[in-house]
file coords-v3.cif (mmCIF, C-alpha atoms and all ligand atoms)
data_structure
loop_
_atom_site.label_atom_id
_atom_site.label_comp_id
_atom_site.auth_asym_id
_atom_site.auth_seq_id
_atom_site.Cartn_x
_atom_site.Cartn_y
_atom_site.Cartn_z
CA MET A 925 -96.10 171.99 -174.00
CA MET A 926 -97.22 175.28 -172.42
CA LYS A 927 -100.31 174.94 -170.21
CA TYR A 928 -102.86 177.64 -169.51
CA PHE A 929 -104.60 178.55 -166.28
CA ILE A 930 -107.17 181.17 -167.18
CA GLY A 931 -109.30 182.72 -164.45
CA ASN A 932 -112.62 184.15 -165.62
CA TRP A 933 -113.92 186.45 -162.90
CA LYS A 934 -117.29 187.07 -164.59
CA MET A 935 -119.20 189.73 -162.58
CA PHE A 936 -116.80 189.85 -159.67
CA GLY A 937 -114.26 192.28 -158.30
CA VAL A 938 -113.54 195.86 -157.25
CA PRO A 939 -110.20 197.71 -157.36
CA ARG A 940 -108.96 196.20 -154.07
CA SER A 941 -109.46 192.70 -155.51
CA ILE A 942 -106.06 193.25 -157.14
CA LYS A 943 -104.67 191.65 -153.98
CA ILE A 944 -105.83 188.29 -155.40
CA LEU A 945 -103.61 188.82 -158.42
CA ASN A 946 -100.73 190.04 -156.25
CA ARG A 947 -100.82 186.79 -154.29
CA ILE A 948 -101.00 184.69 -157.44
CA ASN A 949 -98.10 186.67 -158.89
CA SER A 950 -95.95 186.14 -155.77
CA PHE A 951 -96.64 182.42 -155.90
CA ARG A 952 -95.75 182.22 -159.56
CA SER A 953 -92.52 184.15 -159.22
CA THR A 954 -91.02 181.46 -156.96
CA ASP A 955 -92.76 178.40 -158.37
CA SER A 956 -90.29 175.93 -159.87
CA ASN A 957 -92.86 174.97 -162.54
CA ARG A 958 -93.47 178.57 -163.63
CA ASN A 959 -92.04 178.18 -167.11
CA LYS A 960 -94.48 175.39 -167.91
CA TYR A 961 -97.62 177.49 -167.75
CA ARG A 962 -99.21 180.82 -168.49
CA ILE A 963 -101.69 182.62 -166.23
CA VAL A 964 -104.40 184.81 -167.76
CA ILE A 965 -107.09 186.61 -165.73
CA THR A 966 -110.20 188.10 -167.28
CA PRO A 967 -111.65 190.63 -164.82
CA PRO A 968 -114.73 192.72 -165.63
CA TYR A 969 -114.28 195.73 -167.93
CA THR A 970 -114.25 198.09 -164.93
CA LEU A 971 -110.92 196.64 -163.77
CA LEU A 972 -109.31 195.91 -167.08
CA GLU A 973 -107.15 199.01 -167.43
CA THR A 974 -105.94 199.14 -163.81
CA PHE A 975 -105.02 195.46 -163.83
CA ALA A 976 -103.44 195.56 -167.28
CA LYS A 977 -101.23 198.51 -166.22
CA LYS A 978 -100.28 196.98 -162.90
CA PHE A 979 -99.30 193.68 -164.49
CA ARG A 980 -97.83 195.02 -167.71
CA ASP A 981 -94.31 193.88 -166.89
CA LYS A 982 -95.33 190.87 -164.86
CA LYS A 983 -96.25 187.37 -165.85
CA ILE A 984 -99.96 187.55 -165.27
CA ILE A 985 -101.69 188.37 -168.52
CA ILE A 986 -104.93 190.35 -168.52
CA GLY A 987 -107.81 189.75 -170.89
CA SER A 988 -111.42 190.77 -171.34
CA GLN A 989 -114.46 188.53 -171.06
CA ASN A 990 -116.05 189.61 -174.33
CA CYS A 991 -115.72 192.22 -177.06
CA TYR A 992 -117.82 193.93 -179.69
CA GLN A 993 -117.79 192.39 -183.16
CA LYS A 994 -117.02 195.33 -185.41
CA GLU A 995 -115.79 198.91 -185.60
CA LYS A 996 -113.11 200.59 -183.59
CA PHE A 997 -115.64 203.09 -182.23
CA SER A 998 -119.39 203.14 -182.72
CA SER A 999 -122.63 204.57 -181.37
CA ASN A 1000 -123.58 201.29 -179.73
CA THR A 1001 -124.22 202.01 -176.03
CA ALA A 1002 -122.06 199.97 -173.63
CA ALA A 1003 -120.19 198.17 -176.41
CA ILE A 1004 -116.41 197.79 -176.07
CA SER A 1005 -114.34 197.03 -179.15
CA PRO A 1006 -111.23 194.86 -179.39
CA TYR A 1007 -109.36 198.02 -180.42
CA MET A 1008 -110.28 199.65 -177.08
CA ILE A 1009 -109.37 196.52 -175.16
CA ARG A 1010 -105.96 196.25 -176.82
CA ALA A 1011 -105.35 199.98 -176.37
CA ILE A 1012 -105.42 199.71 -172.57
CA GLY A 1013 -102.94 196.84 -172.57
CA ALA A 1014 -105.12 193.75 -172.33
CA LYS A 1015 -103.89 190.92 -174.54
CA TYR A 1016 -106.61 188.27 -174.57
CA THR A 1017 -110.34 188.13 -174.93
CA LEU A 1018 -112.88 185.41 -174.36
CA VAL A 1019 -115.36 185.00 -177.21
CA GLY A 1020 -118.50 182.86 -177.20
CA HIS A 1021 -118.85 182.17 -173.49
CA SER A 1022 -122.17 180.38 -172.95
CA ASP A 1023 -123.40 183.35 -170.89
CA ASN A 1024 -123.03 185.54 -173.99
CA ARG A 1025 -124.41 182.93 -176.36
CA ALA A 1026 -127.48 182.81 -174.09
CA GLU A 1027 -127.79 186.58 -174.49
CA GLY A 1028 -127.89 186.33 -178.27
CA ASP A 1029 -124.38 185.82 -179.63
CA THR A 1030 -124.97 183.75 -182.77
CA ASN A 1031 -122.32 181.93 -184.81
CA THR A 1032 -122.33 184.82 -187.28
CA ILE A 1033 -121.70 187.39 -184.55
CA LEU A 1034 -119.08 185.16 -182.95
CA LYS A 1035 -117.23 184.77 -186.23
CA ASP A 1036 -117.05 188.56 -186.56
CA LYS A 1037 -115.88 188.85 -182.97
CA VAL A 1038 -113.07 186.31 -183.47
CA LYS A 1039 -112.02 187.94 -186.73
CA PHE A 1040 -112.05 191.47 -185.35
CA ALA A 1041 -110.30 190.53 -182.11
CA LEU A 1042 -107.52 188.81 -184.09
CA GLN A 1043 -107.18 191.82 -186.37
CA ASN A 1044 -106.68 193.95 -183.27
CA ASN A 1045 -103.92 191.68 -181.98
CA LEU A 1046 -105.87 190.07 -179.19
CA LYS A 1047 -105.50 186.38 -178.51
CA VAL A 1048 -108.90 184.75 -178.60
CA VAL A 1049 -110.17 182.15 -176.16
CA PHE A 1050 -113.11 180.75 -178.09
CA CYS A 1051 -115.61 178.97 -175.84
CA ILE A 1052 -117.80 176.08 -176.92
CA GLY A 1053 -119.97 173.56 -175.09
CA GLU A 1054 -123.18 171.56 -175.11
CA ASN A 1055 -126.08 171.95 -172.69
CA LYS A 1056 -127.62 169.27 -170.51
CA LEU A 1057 -130.37 168.32 -172.96
CA GLU A 1058 -127.98 168.10 -175.90
CA LYS A 1059 -125.75 165.82 -173.85
CA LYS A 1060 -128.70 163.65 -172.82
CA ASN A 1061 -129.75 163.31 -176.47
CA ASN A 1062 -126.23 162.32 -177.56
CA LYS A 1063 -125.83 165.53 -179.51
CA THR A 1064 -122.57 166.64 -177.92
CA PHE A 1065 -120.30 165.99 -180.92
CA SER A 1066 -122.66 167.50 -183.49
CA VAL A 1067 -123.18 170.61 -181.33
CA LEU A 1068 -119.45 171.09 -180.80
CA LYS A 1069 -118.65 170.49 -184.46
CA ASN A 1070 -121.23 173.05 -185.49
CA GLN A 1071 -119.89 175.63 -183.03
CA LEU A 1072 -116.35 175.14 -184.33
CA VAL A 1073 -117.01 174.83 -188.05
CA LYS A 1074 -119.40 177.77 -188.28
CA VAL A 1075 -117.02 180.18 -186.58
CA LEU A 1076 -113.41 179.18 -187.11
CA GLU A 1077 -111.67 179.33 -190.47
CA SER A 1078 -108.32 178.10 -191.68
CA LYS A 1079 -107.30 181.65 -192.56
CA PHE A 1080 -107.47 182.70 -188.91
CA ASN A 1081 -104.09 182.47 -187.23
CA LYS A 1082 -104.39 179.32 -185.14
CA ASN A 1083 -101.52 180.41 -182.93
CA ASN A 1084 -103.65 183.26 -181.64
CA ILE A 1085 -106.70 181.13 -180.92
CA ILE A 1086 -107.32 178.86 -177.97
CA VAL A 1087 -110.47 176.77 -177.75
CA ALA A 1088 -112.11 176.32 -174.34
CA TYR A 1089 -114.49 173.40 -174.02
CA GLU A 1090 -117.01 174.32 -171.33
CA PRO A 1091 -120.00 172.00 -171.08
CA ILE A 1092 -122.85 174.24 -169.92
CA TRP A 1093 -124.16 171.59 -167.52
CA SER A 1094 -120.84 171.69 -165.74
CA ILE A 1095 -120.47 175.44 -165.29
CA GLY A 1096 -120.96 176.38 -161.65
CA THR A 1097 -122.62 173.06 -160.79
CA GLY A 1098 -119.77 171.06 -159.31
CA LYS A 1099 -120.38 168.39 -161.96
CA ILE A 1100 -117.51 167.43 -164.25
CA PRO A 1101 -117.27 164.99 -167.16
CA SER A 1102 -115.80 161.60 -166.40
CA TYR A 1103 -112.23 160.92 -167.44
CA TYR A 1104 -113.33 158.90 -170.49
CA GLU A 1105 -116.00 161.39 -171.49
CA LEU A 1106 -113.49 164.19 -171.49
CA LEU A 1107 -110.87 162.07 -173.22
CA ASN A 1108 -113.31 161.31 -176.06
CA THR A 1109 -114.67 164.83 -176.33
CA SER A 1110 -111.29 166.52 -176.26
CA SER A 1111 -109.94 164.12 -178.93
CA PHE A 1112 -112.99 164.89 -181.05
CA ILE A 1113 -112.42 168.65 -180.65
CA LYS A 1114 -108.73 168.32 -181.58
CA LYS A 1115 -109.59 166.20 -184.61
CA THR A 1116 -112.21 168.71 -185.77
CA LEU A 1117 -109.76 171.58 -185.28
CA LYS A 1118 -107.08 169.76 -187.29
CA LYS A 1119 -109.55 169.43 -190.14
CA ILE A 1120 -110.39 173.13 -190.00
CA PHE A 1121 -106.81 174.35 -189.71
CA LYS A 1122 -105.24 171.62 -191.87
CA LYS A 1123 -101.82 171.65 -190.20
CA GLY A 1124 -101.72 171.65 -186.41
CA SER A 1125 -104.47 172.97 -184.24
CA PRO A 1126 -105.14 175.52 -181.49
CA GLU A 1127 -104.74 174.53 -177.87
CA VAL A 1128 -107.81 173.11 -176.13
CA LEU A 1129 -108.73 173.99 -172.54
CA TYR A 1130 -111.35 172.50 -170.29
CA GLY A 1131 -113.69 174.67 -168.20
CA GLY A 1132 -116.55 173.83 -165.85
CA SER A 1133 -116.30 173.40 -162.06
CA VAL A 1134 -112.52 173.00 -162.11
CA ASP A 1135 -111.14 173.25 -158.61
CA GLU A 1136 -108.14 172.27 -156.51
CA LYS A 1137 -109.71 168.91 -155.65
CA ASN A 1138 -110.57 167.66 -159.14
CA VAL A 1139 -107.80 169.14 -161.29
CA HIS A 1140 -105.73 165.94 -161.07
CA VAL A 1141 -108.46 164.07 -163.03
CA PHE A 1142 -107.64 166.12 -166.11
CA ARG A 1143 -103.87 165.88 -165.84
CA GLU A 1144 -103.61 162.59 -167.68
CA ILE A 1145 -105.56 163.78 -170.73
CA LYS A 1146 -102.93 165.01 -173.16
CA GLU A 1147 -105.45 166.82 -175.37
CA ILE A 1148 -106.23 169.21 -172.50
CA ASP A 1149 -103.79 172.11 -172.60
CA GLY A 1150 -105.13 173.91 -169.56
CA PHE A 1151 -108.18 175.28 -167.83
CA LEU A 1152 -110.72 178.07 -167.89
CA ILE A 1153 -111.63 178.52 -164.25
CA GLY A 1154 -114.63 180.49 -162.99
CA GLY A 1155 -115.62 180.27 -159.31
CA ALA A 1156 -112.27 178.99 -158.04
CA SER A 1157 -110.36 181.83 -159.72
CA LYS A 1158 -111.86 184.35 -157.32
CA SER A 1159 -109.81 182.90 -154.47
CA SER A 1160 -106.02 183.23 -154.72
CA LYS A 1161 -105.63 180.15 -152.51
CA LYS A 1162 -107.84 177.95 -154.66
CA PHE A 1163 -106.30 179.21 -157.90
CA ILE A 1164 -102.78 178.61 -156.59
CA ASP A 1165 -103.76 175.16 -155.25
CA ILE A 1166 -105.14 174.24 -158.68
CA ILE A 1167 -101.71 174.95 -160.19
CA LYS A 1168 -99.87 173.21 -157.34
CA ASN A 1169 -102.08 170.11 -157.52
CA TYR A 1170 -101.82 169.96 -161.29
CA TYR A 1171 -98.04 169.62 -161.06
CA ARG A 1172 -97.98 167.43 -157.97
P1 LIG B 1201 -116.95 177.53 -163.01
O1 LIG B 1201 -115.50 177.18 -162.87
O2 LIG B 1201 -117.44 178.43 -161.91
O3 LIG B 1201 -117.79 176.32 -163.22
O4 LIG B 1201 -117.09 178.43 -164.34
C1 LIG B 1201 -116.54 178.00 -165.52
C2 LIG B 1201 -116.63 179.09 -166.51
O5 LIG B 1201 -117.70 179.41 -167.00
C3 LIG B 1201 -115.41 179.81 -166.86
O6 LIG B 1201 -115.57 180.59 -167.99
#
call {"tool": "encode", "arguments": {"input": "coords-v3.cif", "output": "structure tokens"}}
result
Amino acid sequence: MMKYFIGNWKMFGVPRSIKILNRINSFRSTDSNRNKYRIVITPPYTLLETFAKKFRDKKIIIGSQNCYQKEKFSSNTAAISPYMIRAIGAKYTLVGHSDNRAEGDTNTILKDKVKFALQNNLKVVFCIGENKLEKKNNKTFSVLKNQLVKVLESKFNKNNIIVAYEPIWSIGTGKIPSYYELLNTSSFIKKTLKKIFKKGSPEVLYGGSVDEKNVHVFREIKEIDGFLIGGASKSSKKFIDIIKNYYR
């Protein structure tokens, strides 16, 4: 089963930061496990075209962190459409990251984003996750179910969708779910996805404080098909060590 290591740079990087990708690419090209995983990096929009061009024929795939929900072109200031993202050679987009949900992305908007991104031949990494209070009140499953059911539909091509489970309380905090917590939650997500998509289901990634020291915890959970990595993806050494330690 193909695994994913997706690095979400968030608001980080300038043109010379390409050296991080160059180092990751050199590691990958000689890594004996390289055919078992896929690397995707989502830099900010300002670097998308340069990185996508530079890595067009290489094995690091470039994606965007968000996209606009409708129209190829529009009069909406600062909006970037999936059409524009695909046109410069990026192949993936994140949709529904908790940062964007916090800024007003509702389920209705997210559904349009997923639909429009798919129509424009982008692979979608759809992010879901509960916050600290929801977890405390035992609402995790109902929150996740709602986020999945309200946005995903069986008519979407499941092969072009990946779901990333990112508990908000874990993002950037150094806190991660316990092995059993994640085992239960990821099985619940897979089960819910199988109901939505009837046959088979999209891959499920985990995101939230993943680093080179804790990645082994997740290795045994077969429902987890890879990782969405924030902070640690800004260091080539940490990102490479995450991959190395995963396969150790
Ligand atoms: P951290 O790995 O920094 O916790 O971020 C996770 C994340 O939000 C990736 O999208």
call {"tool": "atom_distance", "arguments": {"input": "coords-v3.cif", "atom1": "atom CA of Ser998 of chain A", "atom2": "atom CA of Phe1040 of chain A"}}
result
14.0 Å
call {"tool": "closest_residue", "arguments": {"input": "coords-v3.cif", "among": "A:Ser956, A:Ser941, A:Thr1109, A:Asn1062", "to": "Thr974 of chain A", "atoms": "all atoms listed in the file"}}
result
A:Ser941
call {"tool": "closest_atom_pairs", "arguments": {"input": "coords-v3.cif", "of": "chain A", "to": "ligand LIG 1201 (chain B)", "cutoff": "7 Å", "atoms": "only C-alpha atoms and all ligand atoms", "output": "CSV"}}
result
residue,atom,partner,partner_atom,distance
A:Asn932,CA,B:LIG1201,O6,5.2
A:His1021,CA,B:LIG1201,O6,6.6
A:Glu1090,CA,B:LIG1201,O5,6.7
A:Ser1094,CA,B:LIG1201,O3,6.1
A:Ile1095,CA,B:LIG1201,O3,3.5
A:Gly1096,CA,B:LIG1201,O3,3.5
A:Thr1097,CA,B:LIG1201,O3,6.3
A:Gly1098,CA,B:LIG1201,O3,6.8
A:Gly1131,CA,B:LIG1201,C1,5.1
A:Gly1132,CA,B:LIG1201,O3,3.8
A:Ser1133,CA,B:LIG1201,O3,3.5
A:Val1134,CA,B:LIG1201,O1,5.2
A:Leu1152,CA,B:LIG1201,C3,5.1
A:Ile1153,CA,B:LIG1201,O1,4.3
A:Gly1154,CA,B:LIG1201,O1,3.4
A:Gly1155,CA,B:LIG1201,O2,3.7
A:Ala1156,CA,B:LIG1201,O1,6.1
call {"tool": "residues_around", "arguments": {"input": "coords-v3.cif", "residues": "Asn1169 of chain A", "least_positions_apart": "4", "cutoff": "7 Å", "atoms": "all atoms listed in the file", "output": "NGL selection string"}}
result
:A and (1136 or 1139-1140 or 1165)
call {"tool": "closest_residue", "arguments": {"input": "coords-v3.cif", "among": "A:Phe997, A:Phe1163, A:Phe1050, A:Tyr969", "to": "Ala1014 of chain A", "atoms": "only C-alpha atoms"}}
result
A:Tyr969
call {"tool": "atom_distance", "arguments": {"input": "coords-v3.cif", "atom1": "atom CA of Val1075 of chain A", "atom2": "atom CA of Gly931 of chain A"}}
result
23.6 Å
call {"tool": "axis_aligned_box", "arguments": {"input": "coords-v3.cif", "around": "segment 1125-1138 of chain A", "padding_each_side": "8 Å", "output": "AutoDock Vina command-line options"}}
result
--center_x -110.5 --center_y 171.6 --center_z -169.9 --size_x 28.1 --size_y 23.9 --size_z 44.6
call {"tool": "atom_distance", "arguments": {"input": "coords-v3.cif", "atom1": "atom CA of Ser999 of chain A", "atom2": "atom CA of Thr970 of chain A"}}
result
19.6 Å
call {"tool": "closest_residue", "arguments": {"input": "coords-v3.cif", "among": "A:Leu1057, A:Ile984, A:Cys1051, A:Leu971", "to": "Phe1151 of chain A", "atoms": "only C-alpha atoms"}}
result
A:Cys1051
call {"tool": "residues_near_point", "arguments": {"input": "coords-v3.cif", "point": "(-110.4, 200.0, -180.1)", "cutoff": "12 Å", "atoms": "all atoms listed in the file", "output": "list in words"}}
result
Cys991, Tyr992, Gln993, Lys994, Glu995, Lys996, Phe997, Ser998, Ala1003, Ile1004, Ser1005, Pro1006, Tyr1007, Met1008, Ile1009, Arg1010, Ala1011, Ile1012, Gly1013, Ala1014, Phe1040, Ala1041, Gln1043, Asn1044, Asn1045 and Leu1046 of chain A
call {"tool": "residues_around", "arguments": {"input": "coords-v3.cif", "residues": "Lys1047 of chain A", "least_positions_apart": "2", "cutoff": "6 Å", "atoms": "all atoms listed in the file", "output": "VMD selection string"}}
result
chain A and resid 1016 1084 to 1085
call {"tool": "residues_around", "arguments": {"input": "coords-v3.cif", "residues": "Phe936 of chain A", "least_positions_apart": "5", "cutoff": "8 Å", "atoms": "only C-alpha atoms", "output": "list in words"}}
result
Pro967, Pro968 and Lys1158 of chain A
call {"tool": "closest_residue", "arguments": {"input": "coords-v3.cif", "among": "A:Leu1068, A:Leu972, A:Val938, A:Val1049", "to": "Glu1127 of chain A", "atoms": "only C-alpha atoms"}}
result
A:Val1049
call {"tool": "closest_residue", "arguments": {"input": "coords-v3.cif", "among": "A:Ser1111, A:Thr1032, A:Thr1001, A:Ser1125", "to": "Asn1081 of chain A", "atoms": "only C-alpha atoms"}}
result
A:Ser1125
call {"tool": "closest_residue", "arguments": {"input": "coords-v3.cif", "among": "A:Phe1065, A:Asn1000, A:Gly1028, A:Lys1161", "to": "Ser950 of chain A", "atoms": "all atoms listed in the file"}}
result
A:Lys1161
call {"tool": "residues_around", "arguments": {"input": "coords-v3.cif", "residues": "Arg947 of chain A", "least_positions_apart": "5", "cutoff": "9 Å", "atoms": "only C-alpha atoms", "output": "PyMOL selection string"}}
result
chain A and resi 942+952+1160-1161+1164
call {"tool": "residues_around", "arguments": {"input": "coords-v3.cif", "residues": "Leu1107 of chain A", "least_positions_apart": "5", "cutoff": "9 Å", "atoms": "all atoms listed in the file", "output": "list of chain:residue names"}}
result
A:Ser1102, A:Phe1112, A:Phe1142, A:Ile1145, A:Lys1146, A:Glu1147, A:Ile1148
call {"tool": "build_atoms", "arguments": {"input": "coords-v3.cif", "residues": "segment 1020-1036 of chain A", "atoms": "N, CA and C atoms", "output": "PDB file, keeping the file's coordinate frame"}}
result
ATOM      1  N   GLY A1020    -117.563 183.984-177.108  1.00  0.00           N
ATOM      2  CA  GLY A1020    -118.500 182.860-177.200  1.00  0.00           C
ATOM      3  C   GLY A1020    -118.776 182.147-175.895  1.00  0.00           C
ATOM      4  N   HIS A1021    -118.487 182.805-174.764  1.00  0.00           N
ATOM      5  CA  HIS A1021    -118.850 182.170-173.490  1.00  0.00           C
ATOM      6  C   HIS A1021    -120.351 181.880-173.507  1.00  0.00           C
ATOM      7  N   SER A1022    -120.755 180.771-172.895  1.00  0.00           N
ATOM      8  CA  SER A1022    -122.170 180.380-172.950  1.00  0.00           C
ATOM      9  C   SER A1022    -123.086 181.453-172.365  1.00  0.00           C
ATOM     10  N   ASP A1023    -122.585 182.246-171.420  1.00  0.00           N
ATOM     11  CA  ASP A1023    -123.400 183.350-170.890  1.00  0.00           C
ATOM     12  C   ASP A1023    -123.758 184.325-172.012  1.00  0.00           C
ATOM     13  N   ASN A1024    -122.794 184.591-172.896  1.00  0.00           N
ATOM     14  CA  ASN A1024    -123.030 185.540-173.990  1.00  0.00           C
ATOM     15  C   ASN A1024    -123.804 184.925-175.138  1.00  0.00           C
ATOM     16  N   ARG A1025    -123.592 183.619-175.351  1.00  0.00           N
ATOM     17  CA  ARG A1025    -124.410 182.930-176.360  1.00  0.00           C
ATOM     18  C   ARG A1025    -125.873 182.992-175.915  1.00  0.00           C
ATOM     19  N   ALA A1026    -126.107 182.788-174.611  1.00  0.00           N
ATOM     20  CA  ALA A1026    -127.480 182.810-174.090  1.00  0.00           C
ATOM     21  C   ALA A1026    -128.120 184.189-174.266  1.00  0.00           C
ATOM     22  N   GLU A1027    -127.258 185.220-174.310  1.00  0.00           N
ATOM     23  CA  GLU A1027    -127.790 186.580-174.490  1.00  0.00           C
ATOM     24  C   GLU A1027    -127.881 186.975-175.956  1.00  0.00           C
ATOM     25  N   GLY A1028    -127.630 186.041-176.857  1.00  0.00           N
ATOM     26  CA  GLY A1028    -127.890 186.330-178.270  1.00  0.00           C
ATOM     27  C   GLY A1028    -126.702 186.286-179.210  1.00  0.00           C
ATOM     28  N   ASP A1029    -125.525 185.922-178.723  1.00  0.00           N
ATOM     29  CA  ASP A1029    -124.380 185.820-179.630  1.00  0.00           C
ATOM     30  C   ASP A1029    -124.529 184.599-180.541  1.00  0.00           C
ATOM     31  N   THR A1030    -124.812 184.838-181.799  1.00  0.00           N
ATOM     32  CA  THR A1030    -124.970 183.750-182.770  1.00  0.00           C
ATOM     33  C   THR A1030    -123.603 183.390-183.365  1.00  0.00           C
ATOM     34  N   ASN A1031    -123.574 182.307-184.135  1.00  0.00           N
ATOM     35  CA  ASN A1031    -122.320 181.930-184.810  1.00  0.00           C
ATOM     36  C   ASN A1031    -121.818 183.057-185.706  1.00  0.00           C
ATOM     37  N   THR A1032    -122.734 183.729-186.375  1.00  0.00           N
ATOM     38  CA  THR A1032    -122.330 184.820-187.280  1.00  0.00           C
ATOM     39  C   THR A1032    -121.677 185.953-186.491  1.00  0.00           C
ATOM     40  N   ILE A1033    -122.287 186.327-185.381  1.00  0.00           N
ATOM     41  CA  ILE A1033    -121.700 187.390-184.550  1.00  0.00           C
ATOM     42  C   ILE A1033    -120.350 186.927-183.997  1.00  0.00           C
ATOM     43  N   LEU A1034    -120.318 185.668-183.561  1.00  0.00           N
ATOM     44  CA  LEU A1034    -119.080 185.160-182.950  1.00  0.00           C
ATOM     45  C   LEU A1034    -117.933 185.123-183.957  1.00  0.00           C
ATOM     46  N   LYS A1035    -118.262 184.792-185.191  1.00  0.00           N
ATOM     47  CA  LYS A1035    -117.230 184.770-186.230  1.00  0.00           C
ATOM     48  C   LYS A1035    -116.648 186.181-186.416  1.00  0.00           C
ATOM     49  N   ASP A1036    -117.522 187.175-186.446  1.00  0.00           N
ATOM     50  CA  ASP A1036    -117.050 188.560-186.560  1.00  0.00           C
ATOM     51  C   ASP A1036    -116.203 188.958-185.359  1.00  0.00           C
TER      52      ASP A1036
END
